file run-v3.cif (mmCIF, C-alpha atoms)
data_coords
#
loop_
_atom_site.label_atom_id
_atom_site.label_comp_id
_atom_site.auth_asym_id
_atom_site.auth_seq_id
_atom_site.Cartn_x
_atom_site.Cartn_y
_atom_site.Cartn_z
CA MET A 3 -29.20 -19.06 -10.32
CA ASN A 4 -28.43 -20.18 -6.79
CA ALA A 5 -30.91 -18.33 -4.56
CA ARG A 6 -29.22 -19.53 -1.39
CA LYS A 7 -25.85 -18.09 -2.46
CA VAL A 8 -27.50 -14.80 -3.47
CA ARG A 9 -29.24 -14.53 -0.10
CA GLU A 10 -25.98 -15.35 1.76
CA ASP A 11 -24.00 -12.79 -0.25
CA LEU A 12 -26.57 -10.08 0.41
CA GLY A 13 -26.67 -10.90 4.13
CA ARG A 14 -22.88 -10.70 4.29
CA ALA A 15 -22.97 -7.43 2.36
CA LYS A 16 -25.32 -5.93 4.95
CA ALA A 17 -23.02 -7.13 7.74
CA CYS A 18 -20.03 -5.58 5.95
CA CYS A 19 -21.88 -2.28 5.64
CA ALA A 20 -22.50 -2.37 9.39
CA ARG A 21 -18.74 -2.92 9.95
CA ARG A 22 -17.91 -0.13 7.45
CA ASP A 23 -16.15 -2.60 5.16
CA THR A 24 -17.42 -0.91 2.01
CA GLU A 25 -15.15 -2.65 -0.46
CA ARG A 26 -16.22 -6.11 0.68
CA ALA A 27 -19.91 -5.09 0.80
CA LEU A 28 -19.69 -3.84 -2.78
CA PHE A 29 -17.97 -7.03 -3.90
CA LEU A 30 -20.63 -9.23 -2.29
CA THR A 31 -23.50 -7.21 -3.73
CA ILE A 32 -21.91 -7.36 -7.19
CA SER A 33 -21.46 -11.10 -6.76
CA ALA A 34 -25.14 -11.49 -5.88
CA LEU A 35 -26.18 -9.43 -8.92
CA LYS A 36 -23.93 -11.49 -11.21
CA GLU A 37 -25.48 -14.66 -9.83
CA LEU A 38 -28.83 -13.52 -11.25
CA GLY A 39 -27.38 -13.99 -14.72
CA GLY A 40 -28.99 -10.89 -16.20
CA GLN A 41 -32.49 -11.80 -15.01
CA SER A 42 -34.72 -9.88 -12.65
CA ALA A 43 -34.54 -10.98 -9.05
CA PRO A 44 -37.27 -13.39 -7.92
CA LEU A 45 -39.91 -11.94 -5.61
CA ASP A 46 -38.51 -13.65 -2.52
CA LEU A 47 -35.05 -12.06 -3.05
CA ARG A 48 -36.13 -8.51 -3.87
CA GLY A 49 -36.40 -7.52 -0.20
CA ASP A 50 -32.84 -8.76 0.41
CA PHE A 51 -31.56 -6.79 -2.57
CA ARG A 52 -33.47 -3.69 -1.49
CA ALA A 53 -32.03 -3.85 2.06
CA ALA A 54 -28.43 -4.48 0.95
CA VAL A 55 -28.50 -1.74 -1.69
CA ALA A 56 -30.12 0.71 0.74
CA ASP A 57 -27.29 0.08 3.23
CA LEU A 58 -24.71 0.65 0.49
CA ALA A 59 -26.42 3.81 -0.74
CA VAL A 60 -25.96 5.54 2.63
CA ASP A 61 -22.39 4.33 3.19
CA PRO A 62 -20.17 7.36 4.00
CA GLU A 63 -17.15 5.97 2.13
CA LEU A 64 -19.13 5.68 -1.10
CA LYS A 65 -20.54 9.16 -0.65
CA ALA A 66 -17.02 10.48 -0.10
CA ALA A 67 -15.93 8.73 -3.31
CA GLY A 68 -18.60 10.72 -5.16
CA ALA A 69 -21.03 7.89 -5.79
CA PRO A 70 -24.29 8.99 -7.42
CA ALA A 71 -27.53 8.24 -5.60
CA PHE A 72 -28.81 4.75 -6.37
CA VAL A 73 -31.64 2.46 -5.27
CA TYR A 74 -32.72 -1.05 -6.08
CA THR A 75 -35.42 -1.19 -8.71
CA PRO A 76 -36.75 -4.59 -9.85
CA GLY A 77 -35.95 -5.09 -13.52
CA ALA A 78 -32.96 -2.69 -13.48
CA GLU A 79 -30.46 -5.17 -12.02
CA LYS A 80 -28.13 -4.91 -15.03
CA ASP A 81 -27.87 -1.14 -14.66
CA LEU A 82 -27.27 -1.48 -10.92
CA LEU A 83 -24.59 -4.10 -11.55
CA GLN A 84 -22.85 -1.78 -13.99
CA LEU A 85 -22.96 1.16 -11.57
CA LEU A 86 -21.72 -0.86 -8.58
CA SER A 87 -18.93 -2.42 -10.66
CA GLN A 88 -17.77 1.03 -11.70
CA LEU A 89 -17.85 2.21 -8.06
CA TYR A 90 -15.87 -0.86 -6.99
CA ARG A 91 -13.19 -0.22 -9.61
CA THR A 92 -13.01 3.43 -8.54
CA LEU A 93 -12.65 2.46 -4.89
CA LYS A 94 -9.89 -0.05 -5.67
CA GLY A 95 -8.09 2.49 -7.85
CA GLN A 96 -8.12 5.07 -5.06
CA GLU A 97 -6.55 2.60 -2.63
CA LYS A 98 -3.79 1.77 -5.10
CA GLU A 99 -3.19 5.47 -5.72
CA GLU A 100 -2.97 6.09 -1.96
CA GLU A 101 -0.51 3.19 -1.58
CA TYR A 102 1.53 4.60 -4.44
CA GLN A 103 1.52 8.10 -2.93
CA ALA A 104 2.58 6.75 0.48
CA ALA A 105 5.42 4.73 -1.06
CA LEU A 106 6.52 7.72 -3.12
CA GLN A 107 6.58 9.97 -0.04
CA ARG A 108 8.54 7.36 1.93
CA LYS A 109 11.12 7.06 -0.84
CA LEU A 110 11.40 10.84 -1.12
CA ASN A 111 12.03 11.09 2.63
CA LEU A 112 14.70 8.39 2.33
CA ASP A 113 16.33 10.25 -0.54
CA HIS A 114 16.21 13.61 1.27
CA GLY A 115 17.85 12.11 4.35
CA PHE A 116 20.59 10.56 2.23
CA SER A 117 21.27 13.70 0.18
CA ASP A 118 21.28 15.91 3.31
CA GLY A 119 23.79 13.52 4.86
CA LYS A 120 26.04 13.78 1.80
CA LYS A 121 25.87 17.59 2.02
CA PHE A 122 26.97 17.48 5.65
CA LEU A 123 29.83 15.16 4.72
CA ALA A 124 30.93 17.63 2.05
CA GLU A 125 30.93 20.35 4.73
CA GLY A 126 33.07 18.17 7.04
CA LYS A 127 30.29 17.45 9.55
CA PRO A 128 30.21 13.64 9.87
CA SER A 129 28.07 13.58 13.05
CA GLU A 130 25.30 15.57 11.37
CA ALA A 131 25.62 13.37 8.29
CA ASP A 132 25.28 10.25 10.43
CA ALA A 133 22.15 11.74 12.05
CA CYS A 134 20.68 12.41 8.58
CA PHE A 135 21.48 8.85 7.50
CA ALA A 136 19.79 7.53 10.64
CA GLU A 137 16.75 9.69 9.85
CA ALA A 138 16.74 8.32 6.30
CA LEU A 139 16.77 4.76 7.63
CA LYS A 140 13.54 5.46 9.52
CA HIS A 141 11.92 5.42 6.06
CA TYR A 142 13.73 2.25 4.96
CA LYS A 143 11.57 -0.60 3.77
CA ASP A 144 13.28 -2.64 1.07
CA GLU A 145 15.78 -0.32 -0.59
CA LYS A 146 18.79 -2.44 0.27
CA ALA A 147 21.19 -0.41 -1.89
CA ILE A 148 20.98 2.50 0.58
CA PHE A 149 23.37 0.78 2.99
CA GLY A 150 26.11 0.54 0.37
CA MET A 151 25.51 4.13 -0.69
CA MET A 152 25.79 5.42 2.89
CA ALA A 153 28.85 3.29 3.61
CA ARG A 154 30.51 4.45 0.39
CA ALA A 155 29.77 8.13 1.21
CA MET A 156 31.26 7.76 4.71
CA MET A 157 34.27 5.93 3.34
CA ASP A 158 34.90 8.62 0.70
CA ALA A 159 34.76 11.24 3.48
CA GLY A 160 37.38 9.34 5.48
CA GLU A 161 34.94 8.21 8.18
CA TYR A 162 35.97 4.55 8.10
CA VAL A 163 34.46 3.48 11.44
CA ARG A 164 31.05 4.89 10.50
CA ALA A 165 31.31 3.36 7.04
CA ILE A 166 31.93 -0.04 8.65
CA GLY A 167 28.82 0.47 10.79
CA HIS A 168 26.62 1.19 7.77
CA ALA A 169 28.12 -1.68 5.79
CA ARG A 170 27.53 -4.11 8.68
CA ALA A 171 23.93 -2.90 9.00
CA GLY A 172 23.55 -3.65 5.30
CA LEU A 173 25.11 -7.09 5.75
CA LYS A 174 22.36 -7.90 8.26
CA GLU A 175 19.85 -7.34 5.43
CA LEU A 176 22.03 -8.78 2.65
CA PRO A 177 24.43 -11.30 4.23
CA ASP A 178 26.04 -12.35 0.93
CA ASP A 179 26.55 -8.88 -0.59
CA ALA A 180 30.06 -8.74 -2.04
CA GLU A 181 30.14 -4.91 -2.27
CA LEU A 182 29.33 -4.45 1.44
CA THR A 183 31.85 -7.12 2.44
CA ARG A 184 34.49 -5.39 0.34
CA ILE A 185 33.68 -2.02 1.96
CA VAL A 186 34.11 -3.51 5.44
CA GLU A 187 37.44 -5.09 4.48
CA GLU A 188 38.71 -1.94 2.76
CA CYS A 189 37.66 0.34 5.65
CA THR A 190 39.28 -2.01 8.17
CA ARG A 191 42.51 -1.92 6.15
CA LEU A 192 42.43 1.89 5.71
CA ARG A 193 41.67 2.46 9.38
CA GLN A 194 44.93 0.84 10.45
#
call {"tool": "encode", "arguments": {"input": "run-v3.cif", "output": "structure tokens"}}
result
Amino acid sequence: MNARKVREDLGRAKACCARRDTERALFLTISALKELGGQSAPLDLRGDFRAAVADLAVDPELKAAGAPAFVYTPGAEKDLLQLLSQLYRTLKGQEKEEEYQAALQRKLNLDHGFSDGKKFLAEGKPSEADACFAEALKHYKDEKAIFGMMARAMMDAGEYVRAIGHARAGLKELPDDAELTRIVEECTRLRQ
């Protein structure tokens, strides 16, 4: 066991709690507990453990995540390690779920904008369709195929100039895309 590393990790964990960086504070406290190697903490480190765990126990993010009440008890380090590890995994899982939900919502917004634009094209309203496509592009991140889809929809509706615009926007993202290059060439030929 490296007492210096344990003390440093616990000090950093307290600082992270003060900055409301709960995930990092949990990680550092877990690291300090693992460093004990399944033994009870020496007398000179128990105060550091008690202070760090007390700061974590009152952290609002952990309370919001539904963490049960916990305190540092000498001799029960293994149980505390198990509990904090479970909380850490829960916290990480929630972040990934939130990232997934945000990405899903962004992609749904992109899809709605595109499908609304296609509906307007079917009704013969290319300006409204172009506005819907522009709204869809506000949610664009890395779905490069959307440019070809919009250009193809405009081209099929006979809006060759707008199709060229969407294809050229796509060529800025994908300079070597053969499909977009072909759409630009075909629309230029059909426009004349």
call {"tool": "resolve_selection", "arguments": {"input": "run-v3.cif", "expression": "the PyMOL selection byres ((chain A and resi 189) around 12)", "output": "PyMOL selection string"}}
result
chain A and resi 153-170+182-188+190-194
call {"tool": "resolve_selection", "arguments": {"input": "run-v3.cif", "expression": "the PyMOL selection byres ((chain A and resi 76-80) around 7)", "output": "list in words"}}
result
Leu35, Gly40, Ser42, Ala43, Tyr74, Thr75, Asp81, Leu82, Leu83 and Gln84 of chain A
call {"tool": "atom_distance", "arguments": {"input": "run-v3.cif", "atom1": "atom CA of A:Ala20", "atom2": "atom CA of A:Asn4"}}
result
24.8 Å
call {"tool": "atom_distance", "arguments": {"input": "run-v3.cif", "atom1": "atom CA of A:Gly95", "atom2": "atom CA of A:Gln107"}}
result
18.2 Å
call {"tool": "resolve_selection", "arguments": {"input": "run-v3.cif", "expression": "the PyMOL selection byres ((chain A and resi 18) around 12)", "output": "PyMOL selection string"}}
result
chain A and resi 11-17+19-31+54+57-58+61
